[in-house]
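Colleague: Data file upload-v6.pdb (PDB, C-alpha atoms) is appended below.
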```
ATOM      1  CA  MET A   1      29.541 139.713   9.553
ATOM      2  CA  THR A   2      32.273 138.212  11.723
ATOM      3  CA  SER A   3      30.241 138.696  14.899
ATOM      4  CA  HIS A   4      29.290 135.485  16.677
ATOM      5  CA  LEU A   5      25.622 135.916  15.789
ATOM      6  CA  GLY A   6      26.439 136.747  12.157
ATOM      7  CA  LEU A   7      28.612 133.656  11.770
ATOM      8  CA  LEU A   8      26.012 131.516  13.520
ATOM      9  CA  VAL A   9      23.310 132.673  11.118
ATOM     10  CA  LEU A  10      25.634 132.251   8.111
ATOM     11  CA  PHE A  11      26.471 128.704   9.194
ATOM     12  CA  ALA A  12      22.781 127.909   9.703
ATOM     13  CA  VAL A  13      21.980 129.286   6.216
ATOM     14  CA  PHE A  14      24.507 126.955   4.549
ATOM     15  CA  VAL A  15      23.416 123.871   6.477
ATOM     16  CA  SER A  16      19.739 124.653   5.809
ATOM     17  CA  ILE A  17      20.344 125.039   2.069
ATOM     18  CA  VAL A  18      22.166 121.716   1.798
ATOM     19  CA  PHE A  19      19.650 119.793   3.926
ATOM     20  CA  ALA A  20      16.704 121.302   2.057
ATOM     21  CA  ALA A  21      18.237 120.349  -1.299
ATOM     22  CA  LEU A  22      18.960 116.835  -0.032
ATOM     23  CA  MET A  23      15.602 116.113   1.546
ATOM     24  CA  ARG A  24      13.117 117.803  -0.801
ATOM     25  CA  ASP A  25      12.798 117.578  -4.591
ATOM     26  CA  GLU A  26      10.533 120.462  -5.565
ATOM     27  CA  PRO A  27      12.025 123.990  -5.352
ATOM     28  CA  ARG A  28       9.004 125.371  -3.494
ATOM     29  CA  GLU A  29       9.182 122.561  -0.916
ATOM     30  CA  GLN A  30      12.933 123.118  -0.603
ATOM     31  CA  LEU A  31      12.380 126.805   0.097
ATOM     32  CA  ARG A  32       9.722 126.121   2.716
ATOM     33  CA  PHE A  33      11.699 123.330   4.401
ATOM     34  CA  GLY A  34      14.924 125.359   4.304
ATOM     35  CA  ALA A  35      13.214 128.368   5.892
ATOM     36  CA  ARG A  36      11.797 126.189   8.672
ATOM     37  CA  LEU A  37      15.198 124.603   9.274
ATOM     38  CA  LEU A  38      16.891 128.003   9.398
ATOM     39  CA  ALA A  39      14.328 129.352  11.840
ATOM     40  CA  GLY A  40      14.720 126.229  13.978
ATOM     41  CA  PHE A  41      18.522 126.407  14.037
ATOM     42  CA  VAL A  42      18.690 130.116  14.862
ATOM     43  CA  GLY A  43      15.794 129.959  17.320
ATOM     44  CA  ALA A  44      17.262 126.963  19.169
ATOM     45  CA  ALA A  45      20.676 128.640  19.331
ATOM     46  CA  LEU A  46      19.181 131.834  20.796
ATOM     47  CA  VAL A  47      17.108 129.923  23.370
ATOM     48  CA  LEU A  48      20.064 127.761  24.413
ATOM     49  CA  SER A  49      22.382 130.763  24.653
ATOM     50  CA  TRP A  50      19.966 132.615  26.945
ATOM     51  CA  LEU A  51      19.497 129.468  29.062
ATOM     52  CA  MET A  52      23.288 129.230  29.473
ATOM     53  CA  TYR A  53      23.681 132.954  30.168
ATOM     54  CA  PRO A  54      23.432 132.677  34.002
ATOM     55  CA  LEU A  55      25.910 129.780  34.152
ATOM     56  CA  PRO A  56      29.450 130.668  35.261
ATOM     57  CA  LEU A  57      32.208 130.125  32.660
TER      58      LEU A  57
ATOM     59  CA  MET B   1      13.406 115.355 -17.815
ATOM     60  CA  ARG B   2      13.010 112.898 -14.930
ATOM     61  CA  ALA B   3      12.864 109.915 -17.322
ATOM     62  CA  THR B   4      16.100 111.069 -18.926
ATOM     63  CA  ALA B   5      17.766 111.303 -15.539
ATOM     64  CA  VAL B   6      16.598 107.796 -14.598
ATOM     65  CA  GLU B   7      17.845 106.344 -17.887
ATOM     66  CA  ARG B   8      21.192 108.038 -17.383
ATOM     67  CA  THR B   9      21.342 106.757 -13.802
ATOM     68  CA  GLN B  10      20.837 103.133 -14.814
ATOM     69  CA  SER B  11      23.759 103.245 -17.216
ATOM     70  CA  THR B  12      26.299 104.639 -14.757
ATOM     71  CA  ASN B  13      28.512 103.001 -12.171
ATOM     72  CA  PRO B  14      27.449 103.971  -8.610
ATOM     73  CA  THR B  15      31.008 103.657  -7.289
ATOM     74  CA  LEU B  16      32.379 105.913 -10.009
ATOM     75  CA  ILE B  17      29.624 108.448  -9.341
ATOM     76  CA  SER B  18      30.455 108.383  -5.629
ATOM     77  CA  ILE B  19      34.126 109.085  -6.339
ATOM     78  CA  VAL B  20      33.283 111.963  -8.685
ATOM     79  CA  ALA B  21      30.748 113.324  -6.167
ATOM     80  CA  TRP B  22      33.399 113.255  -3.454
ATOM     81  CA  MET B  23      36.054 114.929  -5.637
ATOM     82  CA  LEU B  24      33.814 117.834  -6.669
ATOM     83  CA  PRO B  25      30.811 118.479  -4.406
ATOM     84  CA  GLY B  26      27.632 118.303  -6.490
ATOM     85  CA  ALA B  27      29.248 116.720  -9.547
ATOM     86  CA  GLY B  28      27.526 113.392  -8.863
ATOM     87  CA  HIS B  29      24.110 115.044  -9.038
ATOM     88  CA  LEU B  30      25.007 117.053 -12.147
ATOM     89  CA  TRP B  31      26.202 113.879 -13.875
ATOM     90  CA  GLN B  32      22.877 112.185 -13.147
ATOM     91  CA  GLY B  33      20.792 115.044 -14.494
ATOM     92  CA  ARG B  34      19.808 116.536 -11.115
ATOM     93  CA  VAL B  35      20.949 119.963 -12.243
ATOM     94  CA  GLN B  36      19.179 122.100  -9.640
ATOM     95  CA  LYS B  37      20.515 120.066  -6.721
ATOM     96  CA  GLY B  38      23.943 119.741  -8.321
ATOM     97  CA  VAL B  39      24.331 123.487  -8.819
ATOM     98  CA  THR B  40      23.199 124.060  -5.234
ATOM     99  CA  PHE B  41      25.914 121.748  -3.895
ATOM    100  CA  VAL B  42      28.597 122.965  -6.333
ATOM    101  CA  VAL B  43      28.090 126.523  -5.084
ATOM    102  CA  THR B  44      27.271 125.986  -1.409
ATOM    103  CA  LEU B  45      29.838 123.463  -0.213
ATOM    104  CA  PRO B  46      33.026 124.965  -1.728
ATOM    105  CA  VAL B  47      31.936 128.433  -0.544
ATOM    106  CA  MET B  48      31.417 127.033   2.949
ATOM    107  CA  PHE B  49      34.870 125.418   2.784
ATOM    108  CA  ALA B  50      36.466 128.677   1.555
ATOM    109  CA  LEU B  51      34.756 130.599   4.368
ATOM    110  CA  GLY B  52      36.236 128.133   6.855
ATOM    111  CA  LEU B  53      39.716 128.900   5.533
ATOM    112  CA  TRP B  54      39.022 132.643   5.538
ATOM    113  CA  LEU B  55      37.926 132.423   9.171
ATOM    114  CA  ASP B  56      41.383 131.035  10.077
ATOM    115  CA  GLY B  57      40.147 127.477  10.560
ATOM    116  CA  ARG B  58      42.561 124.575  10.570
ATOM    117  CA  LEU B  59      42.725 121.544   8.300
ATOM    118  CA  PHE B  60      43.685 119.049  10.983
ATOM    119  CA  PRO B  61      46.361 116.418  10.332
ATOM    120  CA  PHE B  62      45.721 112.709  10.885
ATOM    121  CA  GLU B  63      46.951 112.022  14.399
ATOM    122  CA  PRO B  64      45.778 108.583  15.598
ATOM    123  CA  SER B  65      47.068 109.390  19.091
ATOM    124  CA  GLN B  66      44.439 112.156  19.309
ATOM    125  CA  PRO B  67      41.102 110.593  18.280
ATOM    126  CA  LEU B  68      39.152 113.874  18.095
ATOM    127  CA  VAL B  69      41.801 115.460  15.857
ATOM    128  CA  ALA B  70      41.799 112.369  13.644
ATOM    129  CA  LEU B  71      37.993 112.528  13.366
ATOM    130  CA  ALA B  72      38.163 116.220  12.414
ATOM    131  CA  ALA B  73      40.780 115.378   9.776
ATOM    132  CA  PHE B  74      38.576 112.600   8.387
ATOM    133  CA  ALA B  75      35.583 114.954   8.235
ATOM    134  CA  SER B  76      37.608 117.674   6.459
ATOM    135  CA  LEU B  77      38.754 115.090   3.919
ATOM    136  CA  GLY B  78      35.121 114.887   2.800
ATOM    137  CA  ASN B  79      35.597 118.196   0.978
ATOM    138  CA  GLY B  80      37.381 116.380  -1.860
ATOM    139  CA  ILE B  81      39.499 118.317  -4.362
ATOM    140  CA  PRO B  82      39.091 121.691  -2.572
ATOM    141  CA  PHE B  83      40.676 120.048   0.493
ATOM    142  CA  VAL B  84      43.615 118.734  -1.572
ATOM    143  CA  ILE B  85      44.162 122.104  -3.282
ATOM    144  CA  ALA B  86      44.049 123.963   0.029
ATOM    145  CA  LYS B  87      46.569 121.538   1.547
ATOM    146  CA  LEU B  88      48.916 121.854  -1.444
ATOM    147  CA  LEU B  89      48.753 125.656  -1.331
ATOM    148  CA  GLY B  90      49.481 125.674   2.388
ATOM    149  CA  PHE B  91      46.100 127.015   3.478
ATOM    150  CA  GLY B  92      44.316 125.840   6.595
ATOM    151  CA  GLN B  93      47.185 126.209   9.051
ATOM    152  CA  GLY B  94      44.747 127.673  11.566
ATOM    153  CA  VAL B  95      45.259 130.701  13.789
ATOM    154  CA  VAL B  96      44.421 129.593  17.320
ATOM    155  CA  THR B  97      44.408 133.148  18.639
ATOM    156  CA  ALA B  98      41.868 134.358  16.052
ATOM    157  CA  ALA B  99      38.377 135.003  17.413
ATOM    158  CA  SER B 100      36.892 133.126  14.457
ATOM    159  CA  TYR B 101      39.192 130.048  14.769
ATOM    160  CA  GLU B 102      36.536 127.698  16.163
ATOM    161  CA  TYR B 103      33.982 128.963  13.645
ATOM    162  CA  GLY B 104      36.473 128.311  10.842
ATOM    163  CA  ASN B 105      37.032 124.768  12.100
ATOM    164  CA  THR B 106      33.284 124.220  12.265
ATOM    165  CA  PHE B 107      32.758 125.446   8.703
ATOM    166  CA  LEU B 108      35.591 123.218   7.385
ATOM    167  CA  ILE B 109      34.478 120.102   9.265
ATOM    168  CA  VAL B 110      30.759 120.455   8.574
ATOM    169  CA  ALA B 111      31.335 121.221   4.876
ATOM    170  CA  GLY B 112      33.167 117.889   4.639
ATOM    171  CA  LEU B 113      30.458 116.009   6.524
ATOM    172  CA  LEU B 114      27.713 117.564   4.394
ATOM    173  CA  ASN B 115      29.553 116.517   1.246
ATOM    174  CA  MET B 116      29.657 112.953   2.584
ATOM    175  CA  LEU B 117      25.852 113.081   2.849
ATOM    176  CA  VAL B 118      25.717 114.452  -0.707
ATOM    177  CA  VAL B 119      27.913 111.560  -1.886
ATOM    178  CA  LEU B 120      25.560 109.048  -0.230
ATOM    179  CA  ASP B 121      22.580 110.769  -1.889
ATOM    180  CA  ALA B 122      24.281 110.565  -5.298
ATOM    181  CA  TYR B 123      25.025 106.883  -4.640
ATOM    182  CA  ASP B 124      21.368 106.202  -3.778
ATOM    183  CA  ILE B 125      20.243 107.975  -6.950
ATOM    184  CA  ALA B 126      22.686 105.886  -8.993
ATOM    185  CA  LEU B 127      21.230 102.714  -7.473
ATOM    186  CA  GLY B 128      17.719 103.861  -8.370
ATOM    187  CA  ARG B 129      16.587 104.195  -4.756
ATOM    188  CA  LYS B 130      15.616 107.853  -5.175
TER     189      LYS B 130
END
```
Produce structure tokens that represent the structure in this file.

Modeller:
Amino acid sequence: MTSHLGLLVLFAVFVSIVFAALMRDEPREQLRFGARLLAGFVGAALVLSWLMYPLPL
Amino acid sequence: MRATAVERTQSTNPTLISIVAWMLPGAGHLWQGRVQKGVTFVVTLPVMFALGLWLDGRLFPFEPSQPLVALAAFASLGNGIPFVIAKLLGFGQGVVTAASYEYGNTFLIVAGLLNMLVVLDAYDIALGRK
């Protein structure tokens, strides 16, 4: 769980839960919005990481 | 249920609710009858804060000479009572050499910032805007 990807996903889960609870009132809408947020966070992180992969440190 | 929450909201002081919401994440929502949201915040934000400490993150001190450190300290302060307890118990010293140090800092800082958003939401509810 302490791998970079595991921590990234864990962080995204927490942020998604809080934002979904803040921005939607109905539990079903919260679940849907939270899932979309989570997918967006993790997907964006993976795309950005692969785009940065060829760059020198 | 919603009518009860609105009635309760109109009889409470928004400033007092904001202070309570800051001290214990989610308490402002619980007080105003938003139980589902309140429980979500009560569980999520302190767990996120505790994870930040477990990952060897640092609770930064207020150092005006270093603006970024001061901003991180201000953000961590948003965690409320958990922040004060952790400081008093000597947690959050930070282990710079730990692989998870930056992740720990991120968890601690973002948990505080998220609680600030939760406080603003509780304040809006108390004013009847939501």

Colleague: Considering all atoms listed in the file, state which residue in the set A:Leu46, A:Leu57, A:Phe41, A:Leu51 is at the smallest distance from Val15 in chain A.

Modeller: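 Distance minimum relative to Val15 in chain A lands on A:Phe41.
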
Colleague: Within 10 Å of chain A, which residues of chain B show up? Give each one with its shortest atom-to-atom distance in Å (one decimal) and the two atoms involved, counting all atoms listed in the file, rows by chain then rising residue number, as JSON lines.

Modeller:
```
{"residue": "B:Arg34", "atom": "CA", "partner": "A:Asp25", "partner_atom": "CA", "distance": 9.6}
{"residue": "B:Gln36", "atom": "CA", "partner": "A:Pro27", "partner_atom": "CA", "distance": 8.6}
{"residue": "B:Lys37", "atom": "CA", "partner": "A:Ala21", "partner_atom": "CA", "distance": 5.9}
{"residue": "B:Gly38", "atom": "CA", "partner": "A:Ala21", "partner_atom": "CA", "distance": 9.1}
{"residue": "B:Thr40", "atom": "CA", "partner": "A:Ala21", "partner_atom": "CA", "distance": 7.3}
{"residue": "B:Phe41", "atom": "CA", "partner": "A:Val18", "partner_atom": "CA", "distance": 6.8}
{"residue": "B:Thr44", "atom": "CA", "partner": "A:Phe14", "partner_atom": "CA", "distance": 6.6}
{"residue": "B:Leu45", "atom": "CA", "partner": "A:Phe14", "partner_atom": "CA", "distance": 8.0}
{"residue": "B:Val47", "atom": "CA", "partner": "A:Phe14", "partner_atom": "CA", "distance": 9.1}
{"residue": "B:Met48", "atom": "CA", "partner": "A:Phe14", "partner_atom": "CA", "distance": 7.1}
{"residue": "B:Leu51", "atom": "CA", "partner": "A:Phe11", "partner_atom": "CA", "distance": 9.8}
{"residue": "B:Leu55", "atom": "CA", "partner": "A:Thr2", "partner_atom": "CA", "distance": 8.5}
{"residue": "B:Ala99", "atom": "CA", "partner": "A:Thr2", "partner_atom": "CA", "distance": 8.9}
{"residue": "B:Ser100", "atom": "CA", "partner": "A:Thr2", "partner_atom": "CA", "distance": 7.4}
{"residue": "B:Tyr103", "atom": "CA", "partner": "A:Leu7", "partner_atom": "CA", "distance": 7.4}
{"residue": "B:Gly104", "atom": "CA", "partner": "A:Leu7", "partner_atom": "CA", "distance": 9.6}
{"residue": "B:Thr106", "atom": "CA", "partner": "A:Phe11", "partner_atom": "CA", "distance": 8.7}
{"residue": "B:Phe107", "atom": "CA", "partner": "A:Phe11", "partner_atom": "CA", "distance": 7.1}
{"residue": "B:Val110", "atom": "CA", "partner": "A:Val15", "partner_atom": "CA", "distance": 8.4}
{"residue": "B:Ala111", "atom": "CA", "partner": "A:Val15", "partner_atom": "CA", "distance": 8.5}
{"residue": "B:Leu114", "atom": "CA", "partner": "A:Val18", "partner_atom": "CA", "distance": 7.4}
{"residue": "B:Asn115", "atom": "CA", "partner": "A:Val18", "partner_atom": "CA", "distance": 9.0}
{"residue": "B:Leu117", "atom": "CA", "partner": "A:Leu22", "partner_atom": "CA", "distance": 8.4}
{"residue": "B:Val118", "atom": "CA", "partner": "A:Leu22", "partner_atom": "CA", "distance": 7.2}
{"residue": "B:Asp121", "atom": "CA", "partner": "A:Leu22", "partner_atom": "CA", "distance": 7.3}
{"residue": "B:Ala122", "atom": "CA", "partner": "A:Leu22", "partner_atom": "CA", "distance": 9.8}
```

Colleague: Expand the PyMOL selection byres ((chain B and resi 19-29) around 6) into the explicit residue set it covers here, and present it as a list in words.

Modeller: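 Against this file, the PyMOL selection byres ((chain B and resi 19-29) around 6) returns the residues Leu16, Ile17, Ser18, Leu30, Trp31, Gln32, Arg34, Gly38, Phe41, Val42, Gly80, Ile81, Val119 and Ala122 of chain B.
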
Colleague: Show me the residues around (42.1, 122.9, -1.1) - criterion: an atom at most 12 Å away, all atoms listed in the file counted - as a PyMOL selection string.

Modeller: chain B and resi 23-24+46-47+49-53+58-59+76-93+108+112

Colleague: So the first atom is CA of Thr15 in chain B and the second is CA of Ile125 in chain B; what is the distance between them in Å, to one decimal place?

Modeller: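 So the two atoms, CA of Thr15 in chain B and CA of Ile125 in chain B, lie 11.6 Å apart.
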
Colleague: What residues have an atom no more than 10 Å from (14.2, 125.5, 6.8) in the file's own frame, counting only C-alpha atoms, and can you write them as a list of chain:residue names?

Modeller: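 The residues near that point, listed by chain and number, are A:Ala12, A:Val13, A:Val15, A:Ser16, A:Ile17, A:Phe19, A:Ala20, A:Glu29, A:Gln30, A:Leu31, A:Arg32, A:Phe33, A:Gly34, A:Ala35, A:Arg36, A:Leu37, A:Leu38, A:Ala39, A:Gly40, A:Phe41.
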
Colleague: Have a look at CA of Pro14 in chain B and CA of Asp124 in chain B and let me know their distance in Å, one decimal.

Modeller: 8.1 Å
